[in-house]
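Colleague: Attaching a single structure in structure tokens format; questions to follow.
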Amino acid sequence: MFGDGLLMVEGDRWVGNRHTITPLFSMTNLNAMISSMVEITTTMLAEWTARASATGTRETNVEPYIVHNAADIIAMASFGVDDSEGKAAFDKFKALQVALFSPNRLAGVPFGEYVQARRTAECRRLGEEIDRHLLSVIDGKGLTARELVDECKTFFFAGHETTALAITWTMFLLSLHPEWQRQLREEVAEATGGGDIDSVAVMKLTKMTWVMNEVLRLYPSAPNLLRQAREDIRIGDKTIIPRGTNIWIDAVGMHHDRALWGDDVNEFRPERFKDSPYGGCTHQMGYVPFGNGGRVCVGKNLSVLEYKVVVSLILKRFSLSLSPNYEHSPAVMLTMRPSRGMPLI
Ligand code: HEM
């Protein structure tokens with residue numbers, strides 16, 4: 001799916017690529033994207049308003065809008081364009097994600113690709129189509145390197161759905177907690193002085209940082225971290241994880257572990273992050289929404305910025321409450337999404 005993008009490569013190649021890519025996410029580069037984020041999101045919000053007046057209904061399933069909005073933002077950040085080829089690649093990505101991560105797929109099972117040969121062929125075909133679309137985005141701009149295609153794919157996927165889901169679950173939790181919705185709206189008004197959101201205002205959104213942290217604790221967009229044992233690991237007296245074993249680390253389980261967080265573990269309490277970046281978790285590795293160590297998410301600053309810009313614009317324009325048609329059904333399909341949508345009023 002990602003080819004040899006940053007997410008997949010290892011060893012010296014990862015060190016080299018990570019060094020090249022990290023400076024691209026400097027605050028100077030990111031702040032330059034704010035006005036485009038505002039423009040793209042304002043268009044989405046205008047669609048919500050137009051849809052409400054055209055259909056006479058105040059209910060909107062916001063999830064697909066927010067995912068498309070994030071895709072447009074990451075396409076702008078990756079390609080500098082709102083490109084139809086980029087959008088076509090995005091649609092193929094959705095199909096590939098469904099094919100790759102459907103529950104009955106034999107992921108990681110030896111010879112699984114041969115047992116499910118038809119599905120493997122379908123994934124391969126979608127992968128090739130994505131490459132073709134992305135190559136045509138890059139062609140004509142003097143950039144044709146295979147590595148660049150793979151990084152575009154990595155950023156396009158890793159970069160849009162994760163942030164979009166953090167925003168979607170935030171809309172859900174703010175609908176359930178109107179007092180936090182009010183506090184954030186007030187914070188935005190104070191930070192912007194009633195004007196536009198900019199890099200200075202973003203820095204002032206402290207409570208919004210707590211809310212983002214708490215949302216990613218309860219509904220981590222990336223529910224698993226992946227590691228491979230480099231040597232035999234002994235746990236206690238009886239268990240040995242053999243060298244080479246692929247390990248899925250369960251962030252959802254750790255984020256909901258009463259022993260790490262206390263009795264209020266399942267409650268939405270953003271203020272737990274007021275005095276601690278770990279939200280009072282008793283183990284520093286117990287809170288890992290962006291991962292940990294050398295492979296920690298390279299796009300974290302971009303996602304925090306985008307989150308704050310988009311949530312601020314939504315709260316400035318809309319009051320949110322949950323539709324009676326909402327069905328709570330979080331599902332893990334590489335990311336953690338509301339599988340029955342997010343209808344809000
Ligand atoms: C709320 C938003 C996001 C969340 C929750 C998230 C979460 C994560 C997690 C858990 C990892 C694995 C870290 C580890 O294994 O220790 C990761 C890696 C990564 N993320 Fe994100 N991410 C987000 C946004 C982004 C964005 C916006 C981009 C890029 C534009 C991005 C690009 C990447 C890349 C390239 C890696 C692989 C880094 C490496 O292996 O060196 N992510 N992310």
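For the structure tokens, the naming scheme is as follows: chains receive sequential letters (A, B, ...) according to their order of presentation, residues are indexed from 1 within each chain, and ligands are indexed from 1 in presentation order.
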What lies within 10 Å of region 238-251 of chain A using only C-alpha atoms, ignoring chain neighbours under 5 positions off, as a PyMOL selection string?

Modeller: chain A and resi 108+216-233+256-257+285-291

Colleague: How would you write, as a PyMOL selection string, the set of residues no farther than 8 Å from ligand 1 when counting only C-alpha atoms and all ligand atoms?

Modeller: chain A and resi 5-9+14+18+74+77-78+151+154-156+158-166+216+220-227+288-304+307

Colleague: Could you write out, as a PyMOL selection string, all the residues of region 192-276 of chain A that DSSP marks as strand (DSSP E or B)?

Modeller: chain A and resi 224-228+233-235+239-241+246-250

Colleague: One decimal, in Å: what's the spacing between CA of Phe172 (chain A) and CA of Ala46 (chain A)?

Modeller: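 Answer for the CA of Phe172 (chain A) to CA of Ala46 (chain A) separation: 20.3 Å.
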
Colleague: What's the separation between CA of Ser199 (chain A) and CA of Thr28 (chain A), in Å to one decimal place?

Modeller: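 Calculated distance between CA of Ser199 (chain A) and CA of Thr28 (chain A) is 9.7 Å.
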
Colleague: Quick one: everything within 10 Å of region 55-71 of chain A, counting only C-alpha atoms, minus sequence neighbours fewer than 3 positions away in the same chain. Send it as number ranges by chain.

Modeller: A: 37, 40-45, 47-52, 74-77, 82, 86-87, 90-91, 156-157, 159-169, 171-172, 303, 306-307, 310, 321-326, 337-345

Colleague: Smallest atom-to-atom distance to Ser319 (chain A): which of A:Leu176, A:Ala117, A:Val15, A:Ile73, using only C-alpha atoms?

Modeller: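 The answer is A:Leu176, which sits nearest to Ser319 (chain A).
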
Colleague: Which polymer residues have any atom within 10 Å of an atom of Arg185 (chain A), counting only C-alpha atoms, with same-chain residues fewer than 5 positions away left out, as a list in words?

Modeller: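 Close residues of Arg185 (chain A): Glu179, Trp180, Glu190, Ala191, Met208, Val311, Ser312, Leu313, Ile314, Leu315, Lys316, Arg317, Phe318 and Ser319 of chain A.
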